[in-house]
Amino acid sequence: MRKIFLIFLLGLVCQAAKADHVIGGEMFYSFLSSSGGINTYNVTLKLFIRCDANDVQIDDDAFVSFYDAGTHAETRREKFLVGTVQEYTQVDVDPCIVNPPRVCYKIALYSGNVTLPANSAGYIGTYQRCCRRSGLRNIYSDGNDVGATYFTTIPGMNSGFATNRGPRFEAERGALVCANNRFKYNFEATDPDGDSLVYSFSTAYVGGSAGIPRPFPPGLPPSTVNYRPTFSADQPLGDKVTIDPHTGIISGIAPRSGLYIVTVSVDEYRGGTLIGVHRKEFQFTVESCVRQVTAAMPDKYADCDGYTINFSNTSTPGKEYLWDFGDNTPLFSTTDLSTFPHTYARQGTYQVKLVVDPSSSCGDSAFATVRVYPVLRPSFDLAGLCTTQPTQFTNTSTNDVGPITYLKWDFGESAIQRDTSNAETPAWQYTQPGTYTVQLFMRTQMGCERTISQTFDIYDKPPFNVTNDTAMCIADALQLRAESALAGTYAWTPMYNITGENTATPTVAPRRDTTYSVTFRDLTGCVNTKKVFIAVKDKLLVQARPDSTICTGDAITLTAAVDGPYAFTWTDLDSRQVVGSSNNITITPARTTPYEILVTLGSCFSRDSVTYKTVDLPRAYAGPDATICHGENISLEASGGAYYTWTPPSTLASPRSNRTIARPTDTTTYVVTVTDTLGCPKAVTDEVTINVVPPVPAFAGNDTIVIKGRPFQLHASGGTTYQWTPAEGLDNPQIPDPVTDINRAVTYYVKVYTPEGCMGEDEINIRFMEGPEIYVPTAFSPNGDGRNDVFRPLPVGITKMEYFRVYNRWGEQVFSTVEYLKGWDGRLKGAPAPVGTYVWVVGGINETGKMIEYKGTVTLVR
């Protein structure tokens, strides 16, 4: 599970910019001596610096000004030289964090003695430096122009503590804490005099600017930094992180990733009297980390809805989970990560502990507070939804155990920050209509907490609906209607042929076109007005489409032009059947048919008709499929209409004629589109496929040399029937592999036929030699003179070369081929091969089908 970890004391894994290498600091003092009304103090300025800062970025000196704490007049100015620059890389690294980043920061110490006249109010020593980091999450620093002021307050003579030695923070060890997890970090200070110390978070101060990064002289502490919303000086790490005032331990739930400025103040007391306040500022950086095991669940269950609590577990999956429900029931162990219930026997507040992977040294724990005080029933009512007056809210929640002690309303106006209230029955004035969601948070005396919400619409005019604009027959009356989900009153105008004008459903009988208005007033006084226009008809106008011709089987839409919102009835006049009751009826006539349209409006009506004549589609026919040999043509003939178009046209002689010659080079499907002149404009297609037999791959065999006096078998391929010529010497000239015993050089021709009758031809040249079955020279001279430049074997009786390879004396292959009568030109990798003896090997299939192999040597000379 991926988490976020917090690097305490300084953000230390990012790259430095020239102006933001100082990331924290403090200044403290120690009284040394007093003589003649002059006090001597040792003052130390400690600056925390990013580890990647270079020597140029670390100032050689620091100017510190001392101001009278009473008059604020500058009394003295000192330049302290940089002393030691210490680098810290130690950190309490959790061994269960996978690959934690390196934590590193430097501390530059500027220290020296300063003499100050004894006075009554004491002194304030200040140092200022710009700039802070950009993008700090808890303060505004986006312009990289926000500096810092570090200072110390030295008590005066009136305080009785002029010889004091102030407290200082010396725990410089960092720590890694995964974000959104609980953590604890000891931020304790020490006091050389043993005074009592009280800790708190406090504000940080600005100082310096990008234009004046080192103010001279440094001034008194100016204004404080501006904190971003949800953060403050008291909560620099959010509301889930606190500091113990007695121990200085910072603890809580770490915030999300980012950079945070934190200032801690320590109040120094002696005998109950406040001596002074010392501050230290530092930066937190949050980075990603991965823990081997993480325990995670909500930190509280406080809805008080019943005795059964549904616990959710979002810890590292695939582990053992050990639950202690805090009610003395046996510990519960499971490997199930899903939500499950636990029922408590009685009311009370319980502390629940979840241990993940308890047997591992990297196990983790999470804690939750459970409040069981049922039942809290949250609810609220609201009244008044108009912008003209406030909306009244009433808390109607009930609780069985203890009173509800805290309420907070959020009225849902995101543009307003103070749209909240803690009253029992608040009122809120919405000024803009819209949809709003109101939330009510409540807390009881026993710590039960619930939040409920309700979404509603605020209007400036009360919503209501009214009859749409309409038409009516002059002989009839019409009832109008208005309605609203709200209670209220209705008033209709004008007072022309209307009854029930103060109801939601008046009846009107106008004799001319009239617009009636209705005003609705809700119970809060909000008013809205709407209008209804009524067109009064003494006759109805209807006109069907002109008569038309259509293709048989086509769908048509019956529609008519009208001048009002009428009722429609379509009738098939041949069958007297009603076919539809709207102004758009889709039907498919089976034959030529007349249709009547009847429109009605109350007692008024009118008619018209239309006839659709059906015409059959053309009957396209492209002819039968056929097969031709490669290179042949074929005649195509289509029928069924008056006009024809063939595709694809590239291999057709006349693509716009019903007859055409096709010359396809491979199998092609031709589509013919047919139209006619009978009244149906729709084109009809048919197709014919011409299968083209590919060129016959006739093969008579490779030319060869055979041993004289020995029969030789031919091997042809590529078809199903064969015809050899001349027939001389052949035992059967009509088979693919006849045997010849001819003893002279001859060329045989073979015709090869496919099952479709397509024919291909090939030939083979046969020469005869006497002697061994293979002839290989013993030497060759690849010198380019055209004689004996290529080393090749002359196989006698070998019908198929399987391989021919040449090797040097180290066994490395220098040449290889399977091509008949191809040889080696004496070159190796593009360069002439060295002279010497080489080994060759040749293998192939002889005329009897037997595999034979020969080996030998050859000498390469130049």
# chains A, B, ... in the order shown; residues from 1 in each chain; ligands from 1
>>> residues_around(residues="region 841-849 of chain A", least_positions_apart="5", cutoff="7 Å", atoms="only C-alpha atoms", output="PDB file with N, CA, C and O atoms, in the first residue's frame")
ATOM      1  N   PHE A 712      16.953 -43.078 -67.485  1.00  0.00           N
ATOM      2  CA  PHE A 712      16.735 -41.859 -66.699  1.00  0.00           C
ATOM      3  C   PHE A 712      15.237 -41.586 -66.595  1.00  0.00           C
ATOM      4  O   PHE A 712      14.535 -41.611 -67.609  1.00  0.00           O
ATOM      5  N   GLN A 713      14.773 -41.352 -65.370  1.00  0.00           N
ATOM      6  CA  GLN A 713      13.337 -41.113 -65.157  1.00  0.00           C
ATOM      7  C   GLN A 713      13.066 -39.620 -65.085  1.00  0.00           C
ATOM      8  O   GLN A 713      13.683 -38.888 -64.325  1.00  0.00           O
ATOM      9  N   GLY A 797      23.741 -37.185 -63.534  1.00  0.00           N
ATOM     10  CA  GLY A 797      22.677 -38.032 -63.010  1.00  0.00           C
ATOM     11  C   GLY A 797      22.011 -37.478 -61.776  1.00  0.00           C
ATOM     12  O   GLY A 797      21.095 -38.091 -61.237  1.00  0.00           O
ATOM     13  N   ILE A 798      22.448 -36.325 -61.317  1.00  0.00           N
ATOM     14  CA  ILE A 798      21.795 -35.704 -60.173  1.00  0.00           C
ATOM     15  C   ILE A 798      20.674 -34.807 -60.692  1.00  0.00           C
ATOM     16  O   ILE A 798      20.921 -33.888 -61.465  1.00  0.00           O
ATOM     17  N   THR A 799      19.440 -35.107 -60.274  1.00  0.00           N
ATOM     18  CA  THR A 799      18.279 -34.347 -60.752  1.00  0.00           C
ATOM     19  C   THR A 799      17.957 -33.170 -59.849  1.00  0.00           C
ATOM     20  O   THR A 799      17.280 -32.247 -60.273  1.00  0.00           O
ATOM     21  N   LYS A 800      18.406 -33.189 -58.606  1.00  0.00           N
ATOM     22  CA  LYS A 800      18.130 -32.093 -57.687  1.00  0.00           C
ATOM     23  C   LYS A 800      19.338 -31.880 -56.790  1.00  0.00           C
ATOM     24  O   LYS A 800      19.776 -32.801 -56.119  1.00  0.00           O
ATOM     25  N   MET A 801      19.860 -30.657 -56.812  1.00  0.00           N
ATOM     26  CA  MET A 801      20.993 -30.319 -55.956  1.00  0.00           C
ATOM     27  C   MET A 801      20.475 -30.012 -54.551  1.00  0.00           C
ATOM     28  O   MET A 801      19.662 -29.119 -54.356  1.00  0.00           O
ATOM     29  N   GLU A 802      20.934 -30.738 -53.542  1.00  0.00           N
ATOM     30  CA  GLU A 802      20.549 -30.487 -52.158  1.00  0.00           C
ATOM     31  C   GLU A 802      21.491 -29.503 -51.487  1.00  0.00           C
ATOM     32  O   GLU A 802      21.054 -28.657 -50.719  1.00  0.00           O
ATOM     33  N   TYR A 803      22.785 -29.595 -51.760  1.00  0.00           N
ATOM     34  CA  TYR A 803      23.742 -28.652 -51.194  1.00  0.00           C
ATOM     35  C   TYR A 803      25.076 -28.785 -51.907  1.00  0.00           C
ATOM     36  O   TYR A 803      25.410 -29.825 -52.461  1.00  0.00           O
ATOM     37  N   PHE A 804      25.819 -27.661 -51.910  1.00  0.00           N
ATOM     38  CA  PHE A 804      27.204 -27.618 -52.358  1.00  0.00           C
ATOM     39  C   PHE A 804      27.909 -26.638 -51.437  1.00  0.00           C
ATOM     40  O   PHE A 804      27.555 -25.461 -51.381  1.00  0.00           O
ATOM     41  N   ARG A 805      28.902 -27.135 -50.628  1.00  0.00           N
ATOM     42  CA  ARG A 805      29.545 -26.317 -49.625  1.00  0.00           C
ATOM     43  C   ARG A 805      31.059 -26.422 -49.770  1.00  0.00           C
ATOM     44  O   ARG A 805      31.579 -27.484 -50.137  1.00  0.00           O
ATOM     45  N   VAL A 806      31.746 -25.296 -49.412  1.00  0.00           N
ATOM     46  CA  VAL A 806      33.203 -25.250 -49.455  1.00  0.00           C
ATOM     47  C   VAL A 806      33.689 -24.771 -48.083  1.00  0.00           C
ATOM     48  O   VAL A 806      33.118 -23.813 -47.520  1.00  0.00           O
ATOM     49  N   TYR A 854      29.206 -36.515 -52.329  1.00  0.00           N
ATOM     50  CA  TYR A 854      30.605 -36.644 -52.709  1.00  0.00           C
ATOM     51  C   TYR A 854      31.413 -35.584 -51.977  1.00  0.00           C
ATOM     52  O   TYR A 854      30.922 -34.492 -51.701  1.00  0.00           O
ATOM     53  N   LYS A 855      32.693 -35.896 -51.667  1.00  0.00           N
ATOM     54  CA  LYS A 855      33.586 -34.980 -50.981  1.00  0.00           C
ATOM     55  C   LYS A 855      34.933 -34.986 -51.683  1.00  0.00           C
ATOM     56  O   LYS A 855      35.308 -35.962 -52.338  1.00  0.00           O
ATOM     57  N   GLY A 856      35.678 -33.877 -51.500  1.00  0.00           N
ATOM     58  CA  GLY A 856      37.003 -33.804 -52.078  1.00  0.00           C
ATOM     59  C   GLY A 856      37.676 -32.500 -51.722  1.00  0.00           C
ATOM     60  O   GLY A 856      37.192 -31.732 -50.879  1.00  0.00           O
TER      61      GLY A 856
END
>>> select_by_dssp(residues="region 304-428 of chain A", states="strand (DSSP E)", output="JSON, numbers by chain")
{"A": [308, 309, 310, 311, 321, 322, 323, 324, 332, 333, 334, 340, 341, 342, 343, 348, 349, 350, 351, 352, 353, 354, 355, 356, 364, 365, 366, 367, 368, 369, 370, 371, 372, 376, 377, 380, 381, 382, 383, 391, 392, 393, 394, 395, 398, 399, 404, 405, 406, 407, 408, 409, 410, 420, 421, 427, 428]}
>>> closest_residue(among="A:Pro221, A:Ser159, A:Thr89, A:Arg591", to="His72 (chain A)", atoms="only C-alpha atoms")
A:Pro221
>>> residues_around(residues="Val684 (chain A)", least_positions_apart="2", cutoff="7 Å", atoms="only C-alpha atoms", output="number ranges by chain")
A: 618, 620, 673-675, 682
>>> write_last_selection(atoms="C-alpha atoms", output="compact mmCIF listing (two decimals), in the first residue's frame")
# COMPACT_ATOMS: atom_id res chain seq x y z
CA PRO A 618 -36.81 -4.86 -62.34
CA ALA A 620 -31.91 -8.34 -62.69
CA THR A 673 -26.98 -2.86 -61.69
CA VAL A 674 -30.28 -2.88 -63.61
CA THR A 675 -32.88 -0.10 -63.86
CA LYS A 682 -34.99 1.70 -57.69
>>> residues_around(residues="Thr75 (chain A)", least_positions_apart="4", cutoff="12 Å", atoms="only C-alpha atoms", output="JSON, numbers by chain")
{"A": [64, 65, 66, 67, 68, 69, 70, 71, 114, 115, 116, 117, 118, 119, 122, 123, 124, 125, 126, 217]}
>>> write_last_selection(atoms="N, CA, C and O atoms", output="PDB file, in the first residue's frame")
ATOM      1  N   VAL A  64      23.513  40.911  12.689  1.00  0.00           N
ATOM      2  CA  VAL A  64      22.471  40.853  13.712  1.00  0.00           C
ATOM      3  C   VAL A  64      22.394  42.219  14.371  1.00  0.00           C
ATOM      4  O   VAL A  64      23.408  42.767  14.821  1.00  0.00           O
ATOM      5  N   SER A  65      21.172  42.774  14.368  1.00  0.00           N
ATOM      6  CA  SER A  65      20.946  44.059  15.024  1.00  0.00           C
ATOM      7  C   SER A  65      20.265  43.841  16.365  1.00  0.00           C
ATOM      8  O   SER A  65      19.423  42.939  16.502  1.00  0.00           O
ATOM      9  N   PHE A  66      20.634  44.697  17.345  1.00  0.00           N
ATOM     10  CA  PHE A  66      20.066  44.615  18.688  1.00  0.00           C
ATOM     11  C   PHE A  66      19.297  45.906  18.962  1.00  0.00           C
ATOM     12  O   PHE A  66      19.853  47.011  18.859  1.00  0.00           O
ATOM     13  N   TYR A  67      18.003  45.758  19.287  1.00  0.00           N
ATOM     14  CA  TYR A  67      17.116  46.893  19.514  1.00  0.00           C
ATOM     15  C   TYR A  67      16.698  46.929  20.973  1.00  0.00           C
ATOM     16  O   TYR A  67      16.476  45.882  21.600  1.00  0.00           O
ATOM     17  N   ASP A  68      16.594  48.150  21.504  1.00  0.00           N
ATOM     18  CA  ASP A  68      16.055  48.334  22.846  1.00  0.00           C
ATOM     19  C   ASP A  68      14.611  47.855  22.836  1.00  0.00           C
ATOM     20  O   ASP A  68      13.785  48.314  22.031  1.00  0.00           O
ATOM     21  N   ALA A  69      14.280  46.913  23.728  1.00  0.00           N
ATOM     22  CA  ALA A  69      12.944  46.341  23.738  1.00  0.00           C
ATOM     23  C   ALA A  69      11.889  47.336  24.148  1.00  0.00           C
ATOM     24  O   ALA A  69      10.693  47.122  23.864  1.00  0.00           O
ATOM     25  N   GLY A  70      12.278  48.431  24.800  1.00  0.00           N
ATOM     26  CA  GLY A  70      11.306  49.435  25.213  1.00  0.00           C
ATOM     27  C   GLY A  70      11.118  50.515  24.170  1.00  0.00           C
ATOM     28  O   GLY A  70       9.995  50.862  23.810  1.00  0.00           O
ATOM     29  N   THR A  71      12.232  51.100  23.647  1.00  0.00           N
ATOM     30  CA  THR A  71      12.142  52.208  22.696  1.00  0.00           C
ATOM     31  C   THR A  71      12.208  51.761  21.250  1.00  0.00           C
ATOM     32  O   THR A  71      11.914  52.535  20.345  1.00  0.00           O
ATOM     33  N   VAL A 114      28.593  39.771  22.308  1.00  0.00           N
ATOM     34  CA  VAL A 114      28.131  41.121  22.096  1.00  0.00           C
ATOM     35  C   VAL A 114      28.005  41.806  23.454  1.00  0.00           C
ATOM     36  O   VAL A 114      27.571  41.188  24.433  1.00  0.00           O
ATOM     37  N   THR A 115      28.427  43.080  23.532  1.00  0.00           N
ATOM     38  CA  THR A 115      28.315  43.857  24.778  1.00  0.00           C
ATOM     39  C   THR A 115      27.186  44.849  24.634  1.00  0.00           C
ATOM     40  O   THR A 115      27.096  45.582  23.629  1.00  0.00           O
ATOM     41  N   LEU A 116      26.320  44.882  25.628  1.00  0.00           N
ATOM     42  CA  LEU A 116      25.152  45.748  25.589  1.00  0.00           C
ATOM     43  C   LEU A 116      25.024  46.476  26.918  1.00  0.00           C
ATOM     44  O   LEU A 116      25.189  45.858  27.977  1.00  0.00           O
ATOM     45  N   PRO A 117      24.733  47.772  26.878  1.00  0.00           N
ATOM     46  CA  PRO A 117      24.528  48.494  28.150  1.00  0.00           C
ATOM     47  C   PRO A 117      23.323  47.919  28.889  1.00  0.00           C
ATOM     48  O   PRO A 117      22.299  47.598  28.281  1.00  0.00           O
ATOM     49  N   ALA A 118      23.481  47.758  30.177  1.00  0.00           N
ATOM     50  CA  ALA A 118      22.353  47.284  30.983  1.00  0.00           C
ATOM     51  C   ALA A 118      21.217  48.280  30.883  1.00  0.00           C
ATOM     52  O   ALA A 118      21.422  49.492  31.021  1.00  0.00           O
ATOM     53  N   ASN A 119      19.992  47.806  30.592  1.00  0.00           N
ATOM     54  CA  ASN A 119      18.826  48.687  30.510  1.00  0.00           C
ATOM     55  C   ASN A 119      17.652  48.021  31.203  1.00  0.00           C
ATOM     56  O   ASN A 119      17.732  46.865  31.640  1.00  0.00           O
ATOM     57  N   GLY A 122      15.443  45.473  28.309  1.00  0.00           N
ATOM     58  CA  GLY A 122      16.116  44.386  27.625  1.00  0.00           C
ATOM     59  C   GLY A 122      16.276  44.664  26.138  1.00  0.00           C
ATOM     60  O   GLY A 122      16.093  45.807  25.671  1.00  0.00           O
ATOM     61  N   TYR A 123      16.625  43.634  25.374  1.00  0.00           N
ATOM     62  CA  TYR A 123      16.956  43.804  23.961  1.00  0.00           C
ATOM     63  C   TYR A 123      16.282  42.722  23.107  1.00  0.00           C
ATOM     64  O   TYR A 123      15.968  41.623  23.587  1.00  0.00           O
ATOM     65  N   ILE A 124      16.119  43.091  21.833  1.00  0.00           N
ATOM     66  CA  ILE A 124      15.650  42.129  20.819  1.00  0.00           C
ATOM     67  C   ILE A 124      16.728  42.041  19.755  1.00  0.00           C
ATOM     68  O   ILE A 124      17.042  43.050  19.093  1.00  0.00           O
ATOM     69  N   GLY A 125      17.329  40.872  19.560  1.00  0.00           N
ATOM     70  CA  GLY A 125      18.314  40.648  18.510  1.00  0.00           C
ATOM     71  C   GLY A 125      17.642  40.004  17.304  1.00  0.00           C
ATOM     72  O   GLY A 125      16.930  39.013  17.443  1.00  0.00           O
ATOM     73  N   THR A 126      17.857  40.576  16.090  1.00  0.00           N
ATOM     74  CA  THR A 126      17.146  40.096  14.896  1.00  0.00           C
ATOM     75  C   THR A 126      18.108  39.809  13.759  1.00  0.00           C
ATOM     76  O   THR A 126      19.161  40.451  13.629  1.00  0.00           O
ATOM     77  N   PRO A 217      20.288  47.552   7.951  1.00  0.00           N
ATOM     78  CA  PRO A 217      20.351  46.552   9.022  1.00  0.00           C
ATOM     79  C   PRO A 217      19.066  45.724   9.066  1.00  0.00           C
ATOM     80  O   PRO A 217      18.028  46.187   8.607  1.00  0.00           O
TER      81      PRO A 217
END
>>> residues_around(residues="region 504-513 of chain A", least_positions_apart="4", cutoff="8 Å", atoms="only C-alpha atoms", output="list in words")
Ile474, Asp476, Ala477, Leu478, Gln479, Leu480, Arg481, Ala482, Glu483, Tyr490, Tyr496, Asn497, Ile498, Thr499, Gly500, Phe533, Ile534, Ala535 and Val536 of chain A
>>> atom_distance(atom1="CA of Thr689 (chain A)", atom2="CA of Tyr643 (chain A)")
20.7 Å
>>> closest_residue(among="A:Asp381, A:Glu812, A:Asp324, A:Asp400", to="Gln347 (chain A)", atoms="only C-alpha atoms")
A:Asp400
>>> residues_around(residues="region 595-608 of chain A", least_positions_apart="6", cutoff="7 Å", atoms="only C-alpha atoms", output="number ranges by chain")
A: 472-473, 475-476, 539-544, 566-573
>>> closest_atom_pairs(of="region 180-234 of chain A", to="region 128-149 of chain A", cutoff="10 Å", atoms="only C-alpha atoms", output="tab-separated table")
residue	atom	partner	partner_atom	distance
A:Ala204	CA	A:Ala148	CA	7.6
A:Tyr205	CA	A:Thr149	CA	5.6
A:Val206	CA	A:Ala148	CA	4.4
A:Gly207	CA	A:Ala148	CA	4.4
A:Gly208	CA	A:Gly147	CA	5.0
A:Ser209	CA	A:Asp145	CA	5.3
A:Ala210	CA	A:Asp145	CA	5.2
A:Gly211	CA	A:Asp145	CA	8.4
A:Ile212	CA	A:Cys130	CA	7.7
A:Pro213	CA	A:Cys130	CA	4.5
A:Arg214	CA	A:Arg129	CA	5.2
A:Pro215	CA	A:Gln128	CA	6.4
A:Phe216	CA	A:Gln128	CA	8.8
A:Pro217	CA	A:Gln128	CA	8.9
A:Pro218	CA	A:Gln128	CA	5.6
A:Gly219	CA	A:Gln128	CA	7.5
A:Leu220	CA	A:Thr149	CA	8.3
A:Pro221	CA	A:Thr149	CA	6.1
A:Pro222	CA	A:Thr149	CA	7.9
A:Ser223	CA	A:Thr149	CA	9.8
A:Thr224	CA	A:Ala148	CA	9.3
A:Val225	CA	A:Ile139	CA	6.8
A:Asn226	CA	A:Ile139	CA	5.6
A:Tyr227	CA	A:Ile139	CA	4.1
A:Arg228	CA	A:Ile139	CA	5.1
A:Pro229	CA	A:Asn138	CA	7.9
A:Thr230	CA	A:Asn138	CA	8.3
A:Phe231	CA	A:Asn138	CA	5.8
A:Ser232	CA	A:Asn138	CA	7.7
A:Ala233	CA	A:Asn138	CA	9.5
>>> write_last_selection(atoms="N, CA and C atoms", output="PDB file, in the first residue's frame")
ATOM      1  N   ALA A 204       4.920  32.315  12.233  1.00  0.00           N
ATOM      2  CA  ALA A 204       6.196  32.629  11.591  1.00  0.00           C
ATOM      3  C   ALA A 204       6.135  34.057  11.079  1.00  0.00           C
ATOM      4  N   TYR A 205       7.313  34.687  10.914  1.00  0.00           N
ATOM      5  CA  TYR A 205       7.397  36.079  10.518  1.00  0.00           C
ATOM      6  C   TYR A 205       8.058  36.196   9.159  1.00  0.00           C
ATOM      7  N   VAL A 206       7.667  37.248   8.391  1.00  0.00           N
ATOM      8  CA  VAL A 206       8.314  37.532   7.120  1.00  0.00           C
ATOM      9  C   VAL A 206       9.569  38.337   7.381  1.00  0.00           C
ATOM     10  N   GLY A 207      10.366  38.545   6.329  1.00  0.00           N
ATOM     11  CA  GLY A 207      11.573  39.346   6.468  1.00  0.00           C
ATOM     12  C   GLY A 207      12.414  39.276   5.227  1.00  0.00           C
ATOM     13  N   GLY A 208      12.833  40.416   4.696  1.00  0.00           N
ATOM     14  CA  GLY A 208      13.609  40.434   3.479  1.00  0.00           C
ATOM     15  C   GLY A 208      12.709  40.231   2.265  1.00  0.00           C
ATOM     16  N   SER A 209      13.315  40.369   1.067  1.00  0.00           N
ATOM     17  CA  SER A 209      12.581  40.189  -0.178  1.00  0.00           C
ATOM     18  C   SER A 209      13.558  39.724  -1.240  1.00  0.00           C
ATOM     19  N   ALA A 210      13.019  39.367  -2.421  1.00  0.00           N
ATOM     20  CA  ALA A 210      13.899  38.929  -3.502  1.00  0.00           C
ATOM     21  C   ALA A 210      14.838  40.054  -3.933  1.00  0.00           C
ATOM     22  N   GLY A 211      14.346  41.315  -3.852  1.00  0.00           N
ATOM     23  CA  GLY A 211      15.202  42.442  -4.221  1.00  0.00           C
ATOM     24  C   GLY A 211      16.233  42.767  -3.161  1.00  0.00           C
ATOM     25  N   ILE A 212      15.883  42.556  -1.876  1.00  0.00           N
ATOM     26  CA  ILE A 212      16.814  42.809  -0.758  1.00  0.00           C
ATOM     27  C   ILE A 212      16.838  41.544   0.090  1.00  0.00           C
ATOM     28  N   PRO A 213      17.587  40.526  -0.334  1.00  0.00           N
ATOM     29  CA  PRO A 213      17.537  39.246   0.378  1.00  0.00           C
ATOM     30  C   PRO A 213      18.159  39.322   1.775  1.00  0.00           C
ATOM     31  N   ARG A 214      19.128  40.247   2.013  1.00  0.00           N
ATOM     32  CA  ARG A 214      19.769  40.384   3.325  1.00  0.00           C
ATOM     33  C   ARG A 214      19.624  41.834   3.768  1.00  0.00           C
ATOM     34  N   PRO A 215      18.487  42.216   4.391  1.00  0.00           N
ATOM     35  CA  PRO A 215      18.280  43.618   4.791  1.00  0.00           C
ATOM     36  C   PRO A 215      19.413  44.096   5.715  1.00  0.00           C
ATOM     37  N   PHE A 216      19.861  45.318   5.481  1.00  0.00           N
ATOM     38  CA  PHE A 216      20.931  45.901   6.293  1.00  0.00           C
ATOM     39  C   PHE A 216      20.529  47.312   6.676  1.00  0.00           C
ATOM     40  N   PRO A 217      20.288  47.552   7.951  1.00  0.00           N
ATOM     41  CA  PRO A 217      20.351  46.552   9.022  1.00  0.00           C
ATOM     42  C   PRO A 217      19.066  45.724   9.066  1.00  0.00           C
ATOM     43  N   PRO A 218      19.103  44.526   9.625  1.00  0.00           N
ATOM     44  CA  PRO A 218      17.871  43.765   9.804  1.00  0.00           C
ATOM     45  C   PRO A 218      16.957  44.464  10.784  1.00  0.00           C
ATOM     46  N   GLY A 219      15.665  44.505  10.467  1.00  0.00           N
ATOM     47  CA  GLY A 219      14.722  45.225  11.305  1.00  0.00           C
ATOM     48  C   GLY A 219      14.101  44.345  12.367  1.00  0.00           C
ATOM     49  N   LEU A 220      13.241  44.990  13.170  1.00  0.00           N
ATOM     50  CA  LEU A 220      12.471  44.258  14.171  1.00  0.00           C
ATOM     51  C   LEU A 220      11.515  43.301  13.476  1.00  0.00           C
ATOM     52  N   PRO A 221      11.042  42.272  14.181  1.00  0.00           N
ATOM     53  CA  PRO A 221      10.114  41.328  13.550  1.00  0.00           C
ATOM     54  C   PRO A 221       8.934  42.064  12.949  1.00  0.00           C
ATOM     55  N   PRO A 222       8.738  41.950  11.622  1.00  0.00           N
ATOM     56  CA  PRO A 222       7.630  42.646  10.947  1.00  0.00           C
ATOM     57  C   PRO A 222       6.335  41.841  11.071  1.00  0.00           C
ATOM     58  N   SER A 223       5.502  41.907  10.048  1.00  0.00           N
ATOM     59  CA  SER A 223       4.221  41.192  10.079  1.00  0.00           C
ATOM     60  C   SER A 223       4.433  39.683   9.952  1.00  0.00           C
ATOM     61  N   THR A 224       3.400  38.956  10.307  1.00  0.00           N
ATOM     62  CA  THR A 224       3.459  37.496  10.238  1.00  0.00           C
ATOM     63  C   THR A 224       3.142  37.021   8.826  1.00  0.00           C
ATOM     64  N   VAL A 225       3.461  35.765   8.541  1.00  0.00           N
ATOM     65  CA  VAL A 225       3.146  35.173   7.241  1.00  0.00           C
ATOM     66  C   VAL A 225       1.638  35.004   7.119  1.00  0.00           C
ATOM     67  N   ASN A 226       1.157  34.864   5.884  1.00  0.00           N
ATOM     68  CA  ASN A 226      -0.257  34.605   5.631  1.00  0.00           C
ATOM     69  C   ASN A 226      -0.466  33.103   5.470  1.00  0.00           C
ATOM     70  N   TYR A 227      -1.279  32.518   6.337  1.00  0.00           N
ATOM     71  CA  TYR A 227      -1.543  31.079   6.285  1.00  0.00           C
ATOM     72  C   TYR A 227      -2.683  30.787   5.316  1.00  0.00           C
ATOM     73  N   ARG A 228      -2.547  29.693   4.629  1.00  0.00           N
ATOM     74  CA  ARG A 228      -3.597  29.259   3.716  1.00  0.00           C
ATOM     75  C   ARG A 228      -4.792  28.725   4.498  1.00  0.00           C
ATOM     76  N   PRO A 229      -5.983  28.730   3.898  1.00  0.00           N
ATOM     77  CA  PRO A 229      -7.167  28.208   4.595  1.00  0.00           C
ATOM     78  C   PRO A 229      -6.959  26.775   5.074  1.00  0.00           C
ATOM     79  N   THR A 230      -7.532  26.497   6.235  1.00  0.00           N
ATOM     80  CA  THR A 230      -7.465  25.241   7.009  1.00  0.00           C
ATOM     81  C   THR A 230      -6.178  25.133   7.806  1.00  0.00           C
ATOM     82  N   PHE A 231      -5.195  26.042   7.571  1.00  0.00           N
ATOM     83  CA  PHE A 231      -3.973  26.066   8.373  1.00  0.00           C
ATOM     84  C   PHE A 231      -3.909  27.395   9.134  1.00  0.00           C
ATOM     85  N   SER A 232      -3.161  27.403  10.219  1.00  0.00           N
ATOM     86  CA  SER A 232      -2.989  28.615  11.022  1.00  0.00           C
ATOM     87  C   SER A 232      -1.705  28.471  11.823  1.00  0.00           C
ATOM     88  N   ALA A 233      -1.357  29.534  12.556  1.00  0.00           N
ATOM     89  CA  ALA A 233      -0.173  29.462  13.412  1.00  0.00           C
ATOM     90  C   ALA A 233      -0.349  28.394  14.474  1.00  0.00           C
TER      91      ALA A 233
END
>>> residues_around(residues="Pro463 (chain A)", least_positions_apart="2", cutoff="12 Å", atoms="only C-alpha atoms", output="PyMOL selection string")
chain A and resi 385-386+433+457-461+465-466+482-488+519-522+526-530
>>> closest_residue(among="A:Arg619, A:Arg270, A:Arg792, A:Lys613", to="Gly640 (chain A)", atoms="only C-alpha atoms")
A:Arg619
